[in-house]
Amino acid sequence: MFDSGMKKNDIFEKFEKLAERYHGVATLGTQPFGMVFDEILSPTRARVGSREVILAGTNNYLGLTFSEACTTAAKAAIDHQGTATTGSRLANGTFREHLELETALKAYFNAASAIVFTTGYQANLAAISALVGRGDHLLIDADSHACIYDGCRLSDAETIRFRHNSPEDLAKRLSRLPDDGARLIVVEGLYSMLGDVAPLAEFVDVASEHGAFLYVDEAHSVGCYGERGRGVAQAQGVLDKVDFLSGTFSKSFASLGGFCVSRHESFEYTRLVSRPYLFTASGSPANIAAARAALATIAGSDELGRRLWDRANQLHSGLRAAGFEPASAPGPIIALPRADETTAVREWNALLEAGVYVNLAVPPATPQAKSLLRLSVSAAHSESEIDQILEVFNALSDLVS
Ligand code: PMP
């Protein structure tokens with residue numbers, strides 16, 4: 001695949017080891033990285049080659065991708081506004097609907113400011129890099145998502161990592177900082193790999209004791225936690241104490257795009273300085289319309305959330321009964337740490353062949369260099385689909401050997 005030719009100081013040489021690992025994985029069965037879904041049949045079903053599989057690794061937590069509300073809104077947006085905005089938010093890329101979505105987000109989170117970005121990745125990149133700069137201090141949870149790390153790199157602030165989910169370690173590091181420079185703490189509500197929840201109420205206390213701002217990425221938790229899906233901060237009673245809350249439209253919102261809301265009105269000025277906001281095209285009409293429809297659905301009823309939690313509890317307890325040890329308490333993300341990468345890859349293939357798709361997550365994308373089978377639950381899963389998934393997991397050791 002990587003034909004380096006005869007050039008000196010080959011720029012592709014560094015990929016060789018990675019390529020070896022990438023191709024090595026495929027010798028154990030199907031290539032798991034970038035696997036192709038030939039047909040998407042529903043939020044919980046797809047065809048892979050000639051096989052129909054149950055999807056248990058999609059982040060489609062509320063199952064809204066095929067909902068009447070989202071598909072109708074997206075189709076109407078294309079009919080009335082076309083397929084693209086063809087420009088950045090500051091130039092020609094702000095349509096009435098982008099503003100209406102921001103207004104709806106402000107109302108939903110009771111925020112003073114809301115900005116919609118083209119992806120969730122860019123929301124973190126844009127907000128973090130604009131909020132702090134040279135002479136400031138960023139304190140980030142060690143298990144932070146790549147886009148939080150990248151946002152830190154894009155800012156010129158000093159970045160300090162603290163122990164995962166440890167308010168004590170955070171407080172220790174804050175107490176060692178000089179007095180000058182702003183302090184921004186960045187954590188997630190629900191961690192995407194292990195499915196563990198942050199002690200946000202404690203982080204709020206530490207932030208206020210040390211004069212720091214608190215930024216919470218709720219990409220995986222909005223829609224799943226809290227009243228009307230407002231996330232972990234709301235569930236822990238501290239939504240009004242969080243300074244910045246970011247999220248994505250690519251999971252529960254069944255679309256594409258991201259957002260950051262704030263209780264500080266001055267967050268609005270981010271629009272004037274933030275490069276990942278200024279120098280990229282805005283979200284397409286279809287994406288914005290689908291996100292708005294999803295938000296209305298989520299804000300309007302707890303029904304889907306309840307269904308999601310019923311299925312999450314069913315899957316979590318069933319996996320435990322089958323002898324597996326999920327990394328965290330029941331929730332929409334259920335991670336099963338495996339002994340090593342080869343075991344995880346073999347099991348992933350066996351599951352796929354038996355008609356169940358889960359995520360394979362391996363280092364460096366995982367905390368503590370764990371190899372994981374990562375399952376995500378959807379409100380669209382039926383009780384019997386969860387039973388079918390469990391049946392396959394019950395037989396897994398026989399399927400692999
Ligand atoms: N934050 C977290 C915690 C994520 O897991 C992700 C994506 N997996 C993002 C942000 C980025 O979201 P998007 O896919 O919308 O770019």
# chains A, B, ... in the order shown; residues from 1 in each chain; ligands from 1
call {"tool": "residues_near_ligand", "arguments": {"ligand": "ligand 1", "cutoff": "6 Å", "atoms": "only C-alpha atoms and all ligand atoms", "output": "ChimeraX atom specification"}}
result
/A:119-121,145,192,219,248-250,257-258
call {"tool": "write_last_selection", "arguments": {"atoms": "N, CA and C atoms", "output": "mmCIF file, in the first residue's frame"}}
result
data_model
loop_
_atom_site.group_PDB
_atom_site.id
_atom_site.type_symbol
_atom_site.label_atom_id
_atom_site.label_comp_id
_atom_site.auth_asym_id
_atom_site.auth_seq_id
_atom_site.Cartn_x
_atom_site.Cartn_y
_atom_site.Cartn_z
ATOM 1 N N THR A 119 -18.321 21.004 13.175
ATOM 2 C CA THR A 119 -18.302 19.657 13.783
ATOM 3 C C THR A 119 -18.060 19.817 15.292
ATOM 4 N N GLY A 120 -18.231 18.738 16.014
ATOM 5 C CA GLY A 120 -17.932 18.753 17.440
ATOM 6 C C GLY A 120 -16.437 18.928 17.672
ATOM 7 N N TYR A 121 -15.657 18.304 16.826
ATOM 8 C CA TYR A 121 -14.195 18.431 16.905
ATOM 9 C C TYR A 121 -13.813 19.906 16.825
ATOM 10 N N HIS A 145 -10.410 13.626 25.165
ATOM 11 C CA HIS A 145 -10.509 13.297 23.746
ATOM 12 C C HIS A 145 -9.447 14.051 22.938
ATOM 13 N N SER A 192 -15.756 8.752 26.425
ATOM 14 C CA SER A 192 -16.229 7.981 25.270
ATOM 15 C C SER A 192 -15.697 6.564 25.206
ATOM 16 N N ALA A 219 -20.183 15.779 24.714
ATOM 17 C CA ALA A 219 -20.478 15.195 23.396
ATOM 18 C C ALA A 219 -21.288 13.900 23.507
ATOM 19 N N THR A 248 -21.875 17.839 20.546
ATOM 20 C CA THR A 248 -21.852 17.511 19.120
ATOM 21 C C THR A 248 -23.254 17.182 18.641
ATOM 22 N N PHE A 249 -23.469 17.343 17.347
ATOM 23 C CA PHE A 249 -24.738 16.890 16.754
ATOM 24 C C PHE A 249 -24.583 15.506 16.123
ATOM 25 N N SER A 250 -23.372 14.918 16.249
ATOM 26 C CA SER A 250 -23.099 13.680 15.506
ATOM 27 C C SER A 250 -23.447 12.407 16.277
ATOM 28 N N GLY A 257 -22.186 18.330 13.222
ATOM 29 C CA GLY A 257 -22.011 19.704 13.696
ATOM 30 C C GLY A 257 -21.691 19.677 15.172
ATOM 31 N N GLY A 258 -21.355 20.839 15.724
ATOM 32 C CA GLY A 258 -21.045 20.909 17.143
ATOM 33 C C GLY A 258 -21.484 22.235 17.707
#
call {"tool": "select_by_dssp", "arguments": {"residues": "region 294-398 of chain A", "states": "helix (DSSP H, G or I)", "output": "JSON, numbers by chain"}}
result
{"A": [294, 295, 296, 297, 298, 299, 300, 303, 304, 305, 306, 307, 308, 309, 310, 311, 312, 313, 314, 315, 316, 317, 318, 319, 320, 321, 341, 342, 343, 344, 345, 346, 347, 348, 349, 350, 351, 352, 353, 367, 368, 369, 383, 384, 385, 386, 387, 388, 389, 390, 391, 392, 393, 394, 396, 397, 398]}
call {"tool": "residues_around", "arguments": {"residues": "Val53 (chain A)", "least_positions_apart": "5", "cutoff": "9 Å", "atoms": "only C-alpha atoms", "output": "VMD selection string"}}
result
chain A and resid 44 to 48 352 to 357
call {"tool": "select_by_dssp", "arguments": {"residues": "region 94-124 of chain A", "states": "strand (DSSP E or B)", "output": "PyMOL selection string"}}
result
chain A and resi 113-117
call {"tool": "residues_around", "arguments": {"residues": "Asp310 (chain A)", "least_positions_apart": "6", "cutoff": "12 Å", "atoms": "only C-alpha atoms", "output": "list in words"}}
result
Cys224, Glu303, Leu304, His316, Ser317, Pro330, Gly331, Pro332, Val377, Ser378, Ala379, Ala380, His381, Ser382, Glu383 and Ile386 of chain A
call {"tool": "residues_around", "arguments": {"residues": "region 284-300 of chain A", "least_positions_apart": "6", "cutoff": "6 Å", "atoms": "only C-alpha atoms", "output": "VMD selection string"}}
result
chain A and resid 69 to 70 73 to 74 77 to 78 84 to 85 101 228 253 255 to 256
call {"tool": "write_last_selection", "arguments": {"atoms": "C-alpha atoms", "output": "PDB file, in the first residue's frame"}}
result
ATOM      1  CA  ALA A  69     -38.777  14.535  12.374  1.00  0.00           C
ATOM      2  CA  CYS A  70     -35.089  14.554  11.358  1.00  0.00           C
ATOM      3  CA  ALA A  73     -36.526  18.473   8.220  1.00  0.00           C
ATOM      4  CA  ALA A  74     -33.298  17.580   6.390  1.00  0.00           C
ATOM      5  CA  ALA A  77     -33.857  22.113   4.079  1.00  0.00           C
ATOM      6  CA  ILE A  78     -32.210  20.753   0.940  1.00  0.00           C
ATOM      7  CA  ALA A  84     -24.448  23.596   1.099  1.00  0.00           C
ATOM      8  CA  THR A  85     -23.801  27.058   2.529  1.00  0.00           C
ATOM      9  CA  LEU A 101     -30.500  26.649  16.297  1.00  0.00           C
ATOM     10  CA  ARG A 228     -34.672  16.234  28.936  1.00  0.00           C
ATOM     11  CA  PHE A 253     -28.655  14.590  17.558  1.00  0.00           C
ATOM     12  CA  SER A 255     -26.666  14.905  12.396  1.00  0.00           C
ATOM     13  CA  LEU A 256     -23.284  16.590  11.954  1.00  0.00           C
TER      14      LEU A 256
END
call {"tool": "residues_around", "arguments": {"residues": "Ser401 (chain A)", "least_positions_apart": "5", "cutoff": "12 Å", "atoms": "only C-alpha atoms", "output": "list in words"}}
result
Thr343, Arg346, Glu347, Asn349, Ala350, Ala395 and Leu396 of chain A
call {"tool": "write_last_selection", "arguments": {"atoms": "C-alpha atoms", "output": "CSV table (one decimal), in the first residue's frame"}}
result
chain,number,residue,atom,x,y,z
A,343,THR,CA,-7.8,-11.3,21.8
A,346,ARG,CA,-10.3,-12.1,17.3
A,347,GLU,CA,-13.4,-11.6,19.4
A,349,ASN,CA,-14.3,-10.7,14.2
A,350,ALA,CA,-16.3,-13.6,15.9
A,395,ALA,CA,-21.4,-18.0,23.0
A,396,LEU,CA,-18.3,-15.8,22.4
call {"tool": "closest_residue", "arguments": {"among": "A:Thr280, A:Gly34, A:Gln388, A:Glu202", "to": "Thr86 (chain A)", "atoms": "only C-alpha atoms"}}
result
A:Thr280
call {"tool": "closest_residue", "arguments": {"among": "A:Gln122, A:Gln236, A:Gln314, A:Thr58", "to": "His220 (chain A)", "atoms": "only C-alpha atoms"}}
result
A:Thr58
call {"tool": "residues_around", "arguments": {"residues": "Lys370 (chain A)", "least_positions_apart": "4", "cutoff": "10 Å", "atoms": "only C-alpha atoms", "output": "VMD selection string"}}
result
chain A and resid 193 to 194 336 to 341 344 361 to 366
call {"tool": "write_last_selection", "arguments": {"atoms": "C-alpha atoms", "output": "tab-separated table (two decimals), in the first residue's frame"}}
result
chain	number	residue	atom	x	y	z
A	193	MET	CA	-13.96	4.98	25.65
A	194	LEU	CA	-14.60	3.56	29.13
A	336	LEU	CA	-15.25	-4.48	27.91
A	337	PRO	CA	-11.48	-4.50	28.49
A	338	ARG	CA	-9.84	-7.55	26.87
A	339	ALA	CA	-6.58	-9.28	27.74
A	340	ASP	CA	-4.68	-7.94	24.72
A	341	GLU	CA	-5.11	-6.57	21.23
A	344	ALA	CA	-9.88	-8.20	21.16
A	361	ALA	CA	-10.80	0.31	20.36
A	362	VAL	CA	-7.05	-0.15	20.79
A	363	PRO	CA	-4.10	1.99	21.92
A	364	PRO	CA	-3.22	4.80	21.40
A	365	ALA	CA	-6.94	5.72	21.18
A	366	THR	CA	-7.70	4.18	24.57
